[in-house]
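Q: Structure: query16.pdb, PDB, C-alpha atoms, pLDDT in the B column.
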```
MODEL        1
ATOM      1  CA  GLY A 248      54.773 -21.909  -9.622  1.00 52.00           C
ATOM      2  CA  ALA A 249      51.259 -21.239  -8.454  1.00 78.00           C
ATOM      3  CA  GLY A 250      51.246 -17.615  -9.519  1.00 92.00           C
ATOM      4  CA  VAL A 251      53.306 -14.752 -10.864  1.00 96.00           C
ATOM      5  CA  SER A 252      56.221 -13.942  -8.602  1.00 96.00           C
ATOM      6  CA  GLN A 253      58.373 -10.839  -8.530  1.00 97.00           C
ATOM      7  CA  SER A 254      61.627 -10.010  -6.818  1.00 97.00           C
ATOM      8  CA  PRO A 255      62.698  -8.119  -4.936  1.00 97.00           C
ATOM      9  CA  ARG A 256      59.438  -7.040  -3.303  1.00 96.00           C
ATOM     10  CA  TYR A 257      61.041  -3.807  -2.141  1.00 97.00           C
ATOM     11  CA  LYS A 258      64.014  -1.930  -3.535  1.00 97.00           C
ATOM     12  CA  VAL A 259      65.578   1.283  -2.303  1.00 98.00           C
ATOM     13  CA  ALA A 260      68.044   2.898  -4.670  1.00 97.00           C
ATOM     14  CA  LYS A 261      70.094   6.038  -4.550  1.00 97.00           C
ATOM     15  CA  ARG A 262      69.519   8.422  -7.420  1.00 97.00           C
ATOM     16  CA  GLY A 263      71.758   7.436 -10.301  1.00 97.00           C
ATOM     17  CA  GLN A 264      71.958   3.750  -9.427  1.00 97.00           C
ATOM     18  CA  ASP A 265      70.905   1.005 -11.824  1.00 98.00           C
ATOM     19  CA  VAL A 266      68.248  -1.485 -10.721  1.00 98.00           C
ATOM     20  CA  ALA A 267      66.975  -4.794 -12.097  1.00 98.00           C
ATOM     21  CA  LEU A 268      63.520  -6.129 -11.311  1.00 98.00           C
ATOM     22  CA  ARG A 269      62.651  -9.753 -11.954  1.00 98.00           C
ATOM     23  CA  CYS A 270      59.373 -11.371 -12.960  1.00 98.00           C
ATOM     24  CA  ASP A 271      58.642 -15.100 -12.980  1.00 97.00           C
ATOM     25  CA  PRO A 272      55.390 -15.621 -14.894  1.00 97.00           C
ATOM     26  CA  ILE A 273      53.072 -18.573 -14.527  1.00 95.00           C
ATOM     27  CA  SER A 274      54.681 -21.548 -16.234  1.00 94.00           C
ATOM     28  CA  GLY A 275      53.602 -21.902 -19.856  1.00 92.00           C
ATOM     29  CA  HIS A 276      52.160 -18.409 -20.156  1.00 93.00           C
ATOM     30  CA  VAL A 277      52.961 -16.914 -23.529  1.00 93.00           C
ATOM     31  CA  SER A 278      52.303 -13.252 -22.806  1.00 93.00           C
ATOM     32  CA  LEU A 279      54.047 -11.081 -20.242  1.00 94.00           C
ATOM     33  CA  PHE A 280      53.334  -7.462 -19.372  1.00 94.00           C
ATOM     34  CA  TRP A 281      55.081  -4.827 -17.263  1.00 96.00           C
ATOM     35  CA  TYR A 282      53.151  -1.958 -15.650  1.00 95.00           C
ATOM     36  CA  GLN A 283      54.130   1.022 -13.538  1.00 96.00           C
ATOM     37  CA  GLN A 284      51.777   2.072 -10.757  1.00 94.00           C
ATOM     38  CA  ALA A 285      52.231   5.419  -9.043  1.00 93.00           C
ATOM     39  CA  LEU A 286      50.796   5.904  -5.576  1.00 90.00           C
ATOM     40  CA  GLY A 287      47.016   6.225  -5.664  1.00 87.00           C
ATOM     41  CA  GLN A 288      46.826   5.604  -9.411  1.00 90.00           C
ATOM     42  CA  GLY A 289      45.961   2.737 -11.686  1.00 90.00           C
ATOM     43  CA  PRO A 290      48.725   0.794 -13.448  1.00 92.00           C
ATOM     44  CA  GLU A 291      50.207   2.261 -16.625  1.00 93.00           C
ATOM     45  CA  PHE A 292      51.408  -0.020 -19.406  1.00 92.00           C
ATOM     46  CA  LEU A 293      55.152  -0.211 -19.986  1.00 95.00           C
ATOM     47  CA  THR A 294      55.867  -3.122 -22.315  1.00 94.00           C
ATOM     48  CA  TYR A 295      54.530  -6.415 -23.679  1.00 93.00           C
ATOM     49  CA  PHE A 296      56.226  -9.680 -24.620  1.00 94.00           C
ATOM     50  CA  GLN A 297      54.877 -12.617 -26.555  1.00 93.00           C
ATOM     51  CA  ASN A 298      57.307 -15.406 -25.781  1.00 94.00           C
ATOM     52  CA  GLU A 299      60.733 -13.808 -26.184  1.00 96.00           C
ATOM     53  CA  ALA A 300      59.575 -11.151 -28.639  1.00 95.00           C
ATOM     54  CA  GLN A 301      58.995  -7.667 -27.307  1.00 95.00           C
ATOM     55  CA  LEU A 302      55.983  -6.630 -29.365  1.00 92.00           C
ATOM     56  CA  ASP A 303      55.237  -3.304 -27.732  1.00 91.00           C
ATOM     57  CA  LYS A 304      57.509  -1.066 -25.702  1.00 93.00           C
ATOM     58  CA  SER A 305      55.619   2.152 -26.313  1.00 92.00           C
ATOM     59  CA  GLY A 306      54.966   2.707 -22.608  1.00 93.00           C
ATOM     60  CA  LEU A 307      58.589   2.786 -21.500  1.00 96.00           C
ATOM     61  CA  PRO A 308      59.025   6.364 -20.232  1.00 94.00           C
ATOM     62  CA  SER A 309      62.602   6.870 -21.367  1.00 94.00           C
ATOM     63  CA  ASP A 310      65.601   5.110 -22.841  1.00 95.00           C
ATOM     64  CA  ARG A 311      66.754   4.451 -19.282  1.00 97.00           C
ATOM     65  CA  PHE A 312      64.145   1.689 -19.129  1.00 98.00           C
ATOM     66  CA  PHE A 313      64.921  -1.645 -20.748  1.00 97.00           C
ATOM     67  CA  ALA A 314      63.110  -4.967 -20.564  1.00 98.00           C
ATOM     68  CA  GLU A 315      64.031  -8.417 -21.780  1.00 97.00           C
ATOM     69  CA  ARG A 316      62.685 -11.951 -21.802  1.00 97.00           C
ATOM     70  CA  PRO A 317      65.451 -13.875 -23.543  1.00 96.00           C
ATOM     71  CA  GLU A 318      64.089 -17.406 -23.196  1.00 94.00           C
ATOM     72  CA  GLY A 319      60.410 -16.605 -23.226  1.00 92.00           C
ATOM     73  CA  SER A 320      59.865 -17.187 -19.526  1.00 95.00           C
ATOM     74  CA  VAL A 321      61.539 -15.020 -16.850  1.00 97.00           C
ATOM     75  CA  SER A 322      61.659 -11.311 -17.600  1.00 98.00           C
ATOM     76  CA  THR A 323      63.813  -8.522 -16.232  1.00 98.00           C
ATOM     77  CA  LEU A 324      63.004  -4.826 -16.191  1.00 98.00           C
ATOM     78  CA  LYS A 325      66.130  -2.726 -15.891  1.00 98.00           C
ATOM     79  CA  ILE A 326      66.201   0.944 -15.019  1.00 98.00           C
ATOM     80  CA  GLN A 327      69.467   2.775 -15.515  1.00 98.00           C
ATOM     81  CA  ARG A 328      70.510   5.920 -13.665  1.00 97.00           C
ATOM     82  CA  THR A 329      67.369   5.931 -11.535  1.00 97.00           C
ATOM     83  CA  GLN A 330      65.593   9.212 -10.857  1.00 97.00           C
ATOM     84  CA  GLN A 331      63.180  10.118  -8.083  1.00 96.00           C
ATOM     85  CA  GLU A 332      60.270  10.106 -10.532  1.00 96.00           C
ATOM     86  CA  ASP A 333      60.931   6.405 -11.121  1.00 97.00           C
ATOM     87  CA  SER A 334      59.646   5.666  -7.615  1.00 97.00           C
ATOM     88  CA  ALA A 335      56.574   3.488  -8.072  1.00 97.00           C
ATOM     89  CA  VAL A 336      55.313  -0.069  -7.855  1.00 96.00           C
ATOM     90  CA  TYR A 337      56.294  -2.129 -10.875  1.00 97.00           C
ATOM     91  CA  LEU A 338      53.777  -4.855 -11.654  1.00 96.00           C
ATOM     92  CA  CYS A 339      54.266  -7.856 -13.874  1.00 96.00           C
ATOM     93  CA  ALA A 340      51.386  -9.842 -15.352  1.00 94.00           C
ATOM     94  CA  SER A 341      51.169 -12.921 -17.539  1.00 93.00           C
ATOM     95  CA  SER A 342      48.470 -14.548 -19.623  1.00 91.00           C
ATOM     96  CA  LEU A 343      48.216 -17.985 -21.156  1.00 89.00           C
ATOM     97  CA  VAL A 344      47.829 -16.910 -24.746  1.00 81.00           C
ATOM     98  CA  GLY A 345      48.083 -13.672 -26.707  1.00 71.00           C
ATOM     99  CA  GLY A 346      47.013 -10.348 -25.308  1.00 64.00           C
ATOM    100  CA  MET A 347      43.754  -9.821 -27.182  1.00 69.00           C
ATOM    101  CA  GLY A 348      40.240 -10.861 -26.266  1.00 71.00           C
ATOM    102  CA  ILE A 349      39.076 -11.963 -22.864  1.00 74.00           C
ATOM    103  CA  ASN A 350      42.339 -13.643 -21.918  1.00 81.00           C
ATOM    104  CA  GLU A 351      42.919 -13.272 -18.229  1.00 86.00           C
ATOM    105  CA  GLN A 352      45.993 -11.403 -17.033  1.00 90.00           C
ATOM    106  CA  PHE A 353      47.384 -12.637 -13.731  1.00 92.00           C
ATOM    107  CA  PHE A 354      49.352 -10.102 -11.745  1.00 94.00           C
ATOM    108  CA  GLY A 355      52.314 -10.517  -9.455  1.00 95.00           C
ATOM    109  CA  PRO A 356      52.551  -8.694  -6.111  1.00 94.00           C
ATOM    110  CA  GLY A 357      54.779  -5.993  -7.562  1.00 96.00           C
ATOM    111  CA  THR A 358      58.142  -4.494  -6.683  1.00 97.00           C
ATOM    112  CA  ARG A 359      58.003  -1.223  -4.783  1.00 97.00           C
ATOM    113  CA  LEU A 360      60.918   0.922  -5.933  1.00 98.00           C
ATOM    114  CA  THR A 361      61.921   3.951  -3.894  1.00 97.00           C
ATOM    115  CA  VAL A 362      64.599   6.239  -5.298  1.00 97.00           C
ATOM    116  CA  LEU A 363      66.200   8.538  -2.747  1.00 95.00           C
TER     117      LEU A 363
ATOM    118  CA  LYS B 379      43.972  12.542 -20.095  1.00 60.00           C
ATOM    119  CA  ASN B 380      42.869   9.236 -18.646  1.00 66.00           C
ATOM    120  CA  GLN B 381      40.258   7.635 -20.878  1.00 91.00           C
ATOM    121  CA  VAL B 382      38.821   5.602 -18.007  1.00 95.00           C
ATOM    122  CA  GLU B 383      37.288   7.696 -15.242  1.00 96.00           C
ATOM    123  CA  GLN B 384      36.100   6.236 -11.952  1.00 97.00           C
ATOM    124  CA  SER B 385      33.950   7.655  -9.195  1.00 96.00           C
ATOM    125  CA  PRO B 386      33.926   8.147  -6.340  1.00 97.00           C
ATOM    126  CA  GLN B 387      37.641   8.394  -5.672  1.00 96.00           C
ATOM    127  CA  SER B 388      37.066   6.802  -2.281  1.00 97.00           C
ATOM    128  CA  LEU B 389      34.234   5.770  -0.024  1.00 96.00           C
ATOM    129  CA  ILE B 390      33.650   4.430   3.455  1.00 97.00           C
ATOM    130  CA  ILE B 391      30.800   2.023   4.127  1.00 97.00           C
ATOM    131  CA  LEU B 392      29.563   0.080   7.124  1.00 97.00           C
ATOM    132  CA  GLU B 393      29.956  -3.663   7.161  1.00 97.00           C
ATOM    133  CA  GLY B 394      26.874  -5.330   5.752  1.00 97.00           C
ATOM    134  CA  LYS B 395      25.850  -2.377   3.595  1.00 97.00           C
ATOM    135  CA  ASN B 396      25.819  -2.243  -0.203  1.00 97.00           C
ATOM    136  CA  CYS B 397      27.685   0.145  -2.458  1.00 97.00           C
ATOM    137  CA  THR B 398      28.047   0.942  -6.147  1.00 98.00           C
ATOM    138  CA  LEU B 399      31.136   2.136  -7.952  1.00 98.00           C
ATOM    139  CA  GLN B 400      31.008   3.925 -11.303  1.00 98.00           C
ATOM    140  CA  CYS B 401      33.204   3.816 -14.385  1.00 98.00           C
ATOM    141  CA  ASN B 402      32.924   5.954 -17.531  1.00 97.00           C
ATOM    142  CA  TYR B 403      35.221   5.366 -20.467  1.00 96.00           C
ATOM    143  CA  THR B 404      35.998   6.934 -23.815  1.00 93.00           C
ATOM    144  CA  VAL B 405      38.383   4.234 -24.984  1.00 85.00           C
ATOM    145  CA  SER B 406      37.689   2.822 -28.433  1.00 83.00           C
ATOM    146  CA  PRO B 407      37.413   0.550 -30.318  1.00 85.00           C
ATOM    147  CA  PHE B 408      35.963  -1.365 -27.392  1.00 87.00           C
ATOM    148  CA  SER B 409      36.736  -5.041 -26.806  1.00 88.00           C
ATOM    149  CA  ASN B 410      35.945  -5.755 -23.180  1.00 92.00           C
ATOM    150  CA  LEU B 411      35.731  -4.186 -19.737  1.00 94.00           C
ATOM    151  CA  ARG B 412      37.192  -5.645 -16.566  1.00 95.00           C
ATOM    152  CA  TRP B 413      36.911  -4.927 -12.891  1.00 97.00           C
ATOM    153  CA  TYR B 414      39.893  -5.741 -10.696  1.00 96.00           C
ATOM    154  CA  LYS B 415      40.258  -5.765  -6.905  1.00 97.00           C
ATOM    155  CA  GLN B 416      43.626  -4.677  -5.544  1.00 94.00           C
ATOM    156  CA  ASP B 417      44.423  -5.220  -1.893  1.00 94.00           C
ATOM    157  CA  THR B 418      47.089  -3.007  -0.361  1.00 91.00           C
ATOM    158  CA  GLY B 419      50.535  -4.252  -1.299  1.00 88.00           C
ATOM    159  CA  ARG B 420      49.203  -6.874  -3.714  1.00 91.00           C
ATOM    160  CA  GLY B 421      48.686  -7.133  -7.438  1.00 91.00           C
ATOM    161  CA  PRO B 422      45.223  -6.658  -8.974  1.00 93.00           C
ATOM    162  CA  VAL B 423      42.928  -9.692  -9.105  1.00 94.00           C
ATOM    163  CA  SER B 424      40.231 -10.001 -11.747  1.00 93.00           C
ATOM    164  CA  LEU B 425      36.609  -9.917 -10.614  1.00 96.00           C
ATOM    165  CA  THR B 426      34.707  -9.798 -13.912  1.00 95.00           C
ATOM    166  CA  ILE B 427      35.308  -9.488 -17.648  1.00 93.00           C
ATOM    167  CA  MET B 428      32.472  -8.315 -19.915  1.00 94.00           C
ATOM    168  CA  THR B 429      32.325  -8.074 -23.679  1.00 91.00           C
ATOM    169  CA  PHE B 430      30.192  -5.754 -25.787  1.00 86.00           C
ATOM    170  CA  SER B 431      27.144  -8.026 -25.716  1.00 90.00           C
ATOM    171  CA  GLU B 432      27.081  -8.603 -21.965  1.00 91.00           C
ATOM    172  CA  ASN B 433      25.016  -6.319 -19.747  1.00 93.00           C
ATOM    173  CA  THR B 434      25.697  -7.852 -16.378  1.00 96.00           C
ATOM    174  CA  LYS B 435      28.021 -10.368 -14.788  1.00 96.00           C
ATOM    175  CA  SER B 436      28.262 -11.565 -11.211  1.00 96.00           C
ATOM    176  CA  ASN B 437      31.046 -13.026  -9.138  1.00 95.00           C
ATOM    177  CA  GLY B 438      29.717 -13.866  -5.687  1.00 96.00           C
ATOM    178  CA  ARG B 439      28.714 -10.623  -3.968  1.00 97.00           C
ATOM    179  CA  TYR B 440      30.140  -8.555  -6.828  1.00 97.00           C
ATOM    180  CA  THR B 441      27.886  -7.633  -9.762  1.00 97.00           C
ATOM    181  CA  ALA B 442      29.143  -5.630 -12.712  1.00 97.00           C
ATOM    182  CA  THR B 443      26.967  -3.938 -15.311  1.00 97.00           C
ATOM    183  CA  LEU B 444      27.913  -2.573 -18.695  1.00 97.00           C
ATOM    184  CA  ASP B 445      26.147  -0.136 -21.018  1.00 95.00           C
ATOM    185  CA  ALA B 446      28.294  -0.083 -24.128  1.00 90.00           C
ATOM    186  CA  ASP B 447      26.090   2.566 -25.751  1.00 91.00           C
ATOM    187  CA  THR B 448      26.685   5.142 -23.030  1.00 94.00           C
ATOM    188  CA  LYS B 449      30.150   3.721 -22.236  1.00 94.00           C
ATOM    189  CA  GLN B 450      29.357   3.285 -18.571  1.00 96.00           C
ATOM    190  CA  SER B 451      29.913   0.447 -16.144  1.00 97.00           C
ATOM    191  CA  SER B 452      29.207  -0.084 -12.489  1.00 98.00           C
ATOM    192  CA  LEU B 453      30.347  -2.515  -9.841  1.00 98.00           C
ATOM    193  CA  HIS B 454      27.874  -3.305  -7.073  1.00 98.00           C
ATOM    194  CA  ILE B 455      29.088  -4.849  -3.825  1.00 98.00           C
ATOM    195  CA  THR B 456      26.360  -6.548  -1.805  1.00 97.00           C
ATOM    196  CA  ALA B 457      26.471  -7.091   1.956  1.00 97.00           C
ATOM    197  CA  SER B 458      29.993  -5.727   2.277  1.00 97.00           C
ATOM    198  CA  GLN B 459      32.573  -7.483   4.417  1.00 97.00           C
ATOM    199  CA  LEU B 460      35.728  -6.156   6.033  1.00 97.00           C
ATOM    200  CA  SER B 461      37.729  -8.096   3.450  1.00 96.00           C
ATOM    201  CA  ASP B 462      36.163  -5.992   0.706  1.00 97.00           C
ATOM    202  CA  SER B 463      38.373  -3.087   1.780  1.00 97.00           C
ATOM    203  CA  ALA B 464      40.545  -2.556  -1.276  1.00 97.00           C
ATOM    204  CA  SER B 465      40.970  -0.493  -4.424  1.00 96.00           C
ATOM    205  CA  TYR B 466      38.617  -1.424  -7.259  1.00 97.00           C
ATOM    206  CA  ILE B 467      39.963  -0.686 -10.698  1.00 96.00           C
ATOM    207  CA  CYS B 468      37.995  -0.434 -13.938  1.00 96.00           C
ATOM    208  CA  VAL B 469      39.959  -1.541 -17.011  1.00 95.00           C
ATOM    209  CA  VAL B 470      39.062  -1.355 -20.688  1.00 93.00           C
ATOM    210  CA  MET B 471      40.638  -3.334 -23.518  1.00 89.00           C
ATOM    211  CA  THR B 472      40.553  -2.188 -27.133  1.00 84.00           C
ATOM    212  CA  THR B 473      40.367  -4.346 -30.232  1.00 81.00           C
ATOM    213  CA  ASP B 474      43.212  -2.631 -32.043  1.00 73.00           C
ATOM    214  CA  SER B 475      46.869  -3.577 -31.671  1.00 65.00           C
ATOM    215  CA  TRP B 476      47.356  -6.552 -29.407  1.00 73.00           C
ATOM    216  CA  GLY B 477      44.768  -5.602 -26.803  1.00 69.00           C
ATOM    217  CA  LYS B 478      46.336  -2.983 -24.575  1.00 77.00           C
ATOM    218  CA  LEU B 479      44.637  -2.406 -21.211  1.00 86.00           C
ATOM    219  CA  GLN B 480      43.589   1.093 -20.143  1.00 90.00           C
ATOM    220  CA  PHE B 481      43.275   1.376 -16.369  1.00 93.00           C
ATOM    221  CA  GLY B 482      41.225   3.756 -14.299  1.00 95.00           C
ATOM    222  CA  ALA B 483      42.712   5.292 -11.162  1.00 94.00           C
ATOM    223  CA  GLY B 484      40.575   3.093  -8.937  1.00 95.00           C
ATOM    224  CA  THR B 485      38.042   3.636  -6.165  1.00 97.00           C
ATOM    225  CA  GLN B 486      39.396   3.083  -2.673  1.00 96.00           C
ATOM    226  CA  VAL B 487      36.756   1.293  -0.574  1.00 98.00           C
ATOM    227  CA  VAL B 488      37.017   1.093   3.200  1.00 98.00           C
ATOM    228  CA  VAL B 489      34.567  -1.151   5.043  1.00 98.00           C
ATOM    229  CA  THR B 490      34.254  -0.368   8.742  1.00 97.00           C
ATOM    230  CA  PRO B 491      32.793  -2.573  11.479  1.00 95.00           C
TER     231      PRO B 491
ENDMDL
END
```
Re-express the file's structure as C-alpha cells.

A:
Amino acid sequence: GAGVSQSPRYKVAKRGQDVALRCDPISGHVSLFWYQQALGQGPEFLTYFQNEAQLDKSGLPSDRFFAERPEGSVSTLKIQRTQQEDSAVYLCASSLVGGMGINEQFFGPGTRLTVL
Amino acid sequence: KNQVEQSPQSLIILEGKNCTLQCNYTVSPFSNLRWYKQDTGRGPVSLTIMTFSENTKSNGRYTATLDADTKQSSLHITASQLSDSASYICVVMTTDSWGKLQFGAGTQVVVTP
C-alpha cells in the first residue's frame, strides 16, 4: 500500500472486553512500532518489532497488552479485559530498516479506542 | 517526568504571520531530533530530522534549529497558512538501545483568517 494503514479507525469497547487492533505497515518495511497517545499528549512508546522479532516491549503498560507480528508484516495489538484508562489513540509506525539513526518512521492514522 | 519539554502549549496566530515553537530536552545520549506535524485525527508526519552536527534544516516554510550544547531546538513557521493548524511535536532519539523515540507533548497551533 501507499502508507501505513490501521483498522479499525474507531473502536468502542465495554470495560472488560478484549480488543484487537491491526496495523498494515508499508510493504517491505523491516521495523514496526506501536505507540499510545493520550488526549493532548505526545505518543508514548509501547513496543518494537524488527521483522517478526519483538525486540522491545518495555512500554507495554501491563500484561493485558500483547502484540505480535508473526510473519514480519501485519501486526496486531491485543488488549485484554479493557479498562477505562486504556482509552487512547493507538498509533502504528513502520520504517524501512532498523530503528536507529535517521531512519524515517511513517505513521498510520491511528485507532481511537474508547472504553466505556 | 517527560524529558522533552515544549512551549508554548498552544498558540493562535493570524494567517500570514510567523511563529516560533520551542523544545528543550534532557534526553541522552543524543542521536537526532525530529519535528513532526500532526493534523487532528491523523498520524504524525515528519517535517525535519537533525543530527548532532546540524544547526538548521528547512522544509518549505518550516525551519528547524538545533543547539546540541544547550539541548534546545526551535521550529519556525514562516507566512503561516490555515493548513498549518496542527499539533507540532518535538521528538528526540537516543543512540543507546535500538533508537527509541522520546516525544514531547506538542504545541497546538491554530491559524486564523

Q: Using only C-alpha atoms, I'd like every residue of chain B that has an atom within 7 Å of chain A; please write them out as a PyMOL selection string.

A: chain B and resi 409-410+419-423+427+467+476-477+481-484

Q: List the spatial neighbours of B:Val469 as a PyMOL selection string - criterion: any atom at most 6 Å away, all atoms listed in the file, same-chain residues fewer than 3 positions off excluded.

A: chain B and resi 411-412+480-481

Q: Residues proximal to (61.9, -11.4, -30.6) were defined as those with any atom within 10 Å of that point in the file's coordinates, counting all atoms listed in the file. Which are they, as a list in words?

A: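 Applying the cut-off with all atoms listed in the file, one gets Phe296, Gln297, Asn298, Glu299, Ala300, Gln301, Leu302, Glu315, Arg316, Pro317, Glu318 and Gly319 of chain A.
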
Q: Atom CA of B:Leu479 and atom CA of B:Thr456, how far apart in Å?

A: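 Atom CA of B:Leu479 lies at a distance of 27.0 Å from atom CA of B:Thr456.
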
Q: Env of stretch 262-278 of chain A: 7 Å cut, atoms = all atoms listed in the file, seq-sep filter 4 positions within chain, self excluded. Answer as a PDB file with C-alpha atoms, keeping the file's coordinate frame.

A:
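The resulting file, result02.pdb, is shown below:
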```
ATOM      1  CA  GLY A 248      54.773 -21.909  -9.622  1.00 52.00           C
ATOM      2  CA  ALA A 249      51.259 -21.239  -8.454  1.00 78.00           C
ATOM      3  CA  GLY A 250      51.246 -17.615  -9.519  1.00 92.00           C
ATOM      4  CA  VAL A 251      53.306 -14.752 -10.864  1.00 96.00           C
ATOM      5  CA  SER A 252      56.221 -13.942  -8.602  1.00 96.00           C
ATOM      6  CA  GLN A 253      58.373 -10.839  -8.530  1.00 97.00           C
ATOM      7  CA  SER A 254      61.627 -10.010  -6.818  1.00 97.00           C
ATOM      8  CA  PRO A 255      62.698  -8.119  -4.936  1.00 97.00           C
ATOM      9  CA  PHE A 296      56.226  -9.680 -24.620  1.00 94.00           C
ATOM     10  CA  GLN A 297      54.877 -12.617 -26.555  1.00 93.00           C
ATOM     11  CA  ASN A 298      57.307 -15.406 -25.781  1.00 94.00           C
ATOM     12  CA  SER A 320      59.865 -17.187 -19.526  1.00 95.00           C
ATOM     13  CA  VAL A 321      61.539 -15.020 -16.850  1.00 97.00           C
ATOM     14  CA  SER A 322      61.659 -11.311 -17.600  1.00 98.00           C
ATOM     15  CA  THR A 323      63.813  -8.522 -16.232  1.00 98.00           C
ATOM     16  CA  LEU A 324      63.004  -4.826 -16.191  1.00 98.00           C
ATOM     17  CA  LYS A 325      66.130  -2.726 -15.891  1.00 98.00           C
ATOM     18  CA  ILE A 326      66.201   0.944 -15.019  1.00 98.00           C
ATOM     19  CA  GLN A 327      69.467   2.775 -15.515  1.00 98.00           C
ATOM     20  CA  ARG A 328      70.510   5.920 -13.665  1.00 97.00           C
ATOM     21  CA  THR A 329      67.369   5.931 -11.535  1.00 97.00           C
ATOM     22  CA  GLN A 330      65.593   9.212 -10.857  1.00 97.00           C
ATOM     23  CA  GLN A 331      63.180  10.118  -8.083  1.00 96.00           C
ATOM     24  CA  CYS A 339      54.266  -7.856 -13.874  1.00 96.00           C
ATOM     25  CA  SER A 341      51.169 -12.921 -17.539  1.00 93.00           C
ATOM     26  CA  SER A 342      48.470 -14.548 -19.623  1.00 91.00           C
ATOM     27  CA  LEU A 343      48.216 -17.985 -21.156  1.00 89.00           C
ATOM     28  CA  VAL A 344      47.829 -16.910 -24.746  1.00 81.00           C
ATOM     29  CA  GLY A 345      48.083 -13.672 -26.707  1.00 71.00           C
ATOM     30  CA  GLY A 346      47.013 -10.348 -25.308  1.00 64.00           C
ATOM     31  CA  VAL A 362      64.599   6.239  -5.298  1.00 97.00           C
ATOM     32  CA  LEU A 363      66.200   8.538  -2.747  1.00 95.00           C
TER      33      LEU A 363
END
```

Q: Would you write out, as a PyMOL selection string, every residue that the PyMOL selection byres ((chain B and resi 425) around 8) captures in this file?

A: chain B and resi 412-415+423-424+426-427+437+440

Q: Which distance in Å separates atom CA of B:Leu444 and atom CA of B:Asn402, to one decimal?

A: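 Spanning atom CA of B:Leu444 to atom CA of B:Asn402 is a straight-line distance of 10.0 Å.
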
Q: Rank B:Asn396, B:Ile391, B:Ser465, B:Met471 by their smallest atom-to-atom distance to B:Arg439, using all atoms listed in the file, and report the top residue only.

A: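 Residue with the minimum atom-to-atom distance to B:Arg439: B:Asn396.
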
Q: For the file shown, what are the residues hit by the PyMOL selection byres ((chain B and resi 405) around 8), laid out as a PyMOL selection string?

A: chain B and resi 381-382+403-404+406-408+470+472+480

Q: Within 6 Å of B:Ala464, counting all atoms listed in the file, which residues show up once you throw out same-chain ones fewer than 5 positions away? Write them as a list in words, please.

A: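 Selected residues are Gln416, Asp417, Gln486 and Val487 of chain B.
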
Q: Please compute the atom CA of B:Gly438-atom CA of B:Ser451 distance, one decimal, in Å.

A: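 Value for the atom CA of B:Gly438-atom CA of B:Ser451 distance: 17.7 Å.
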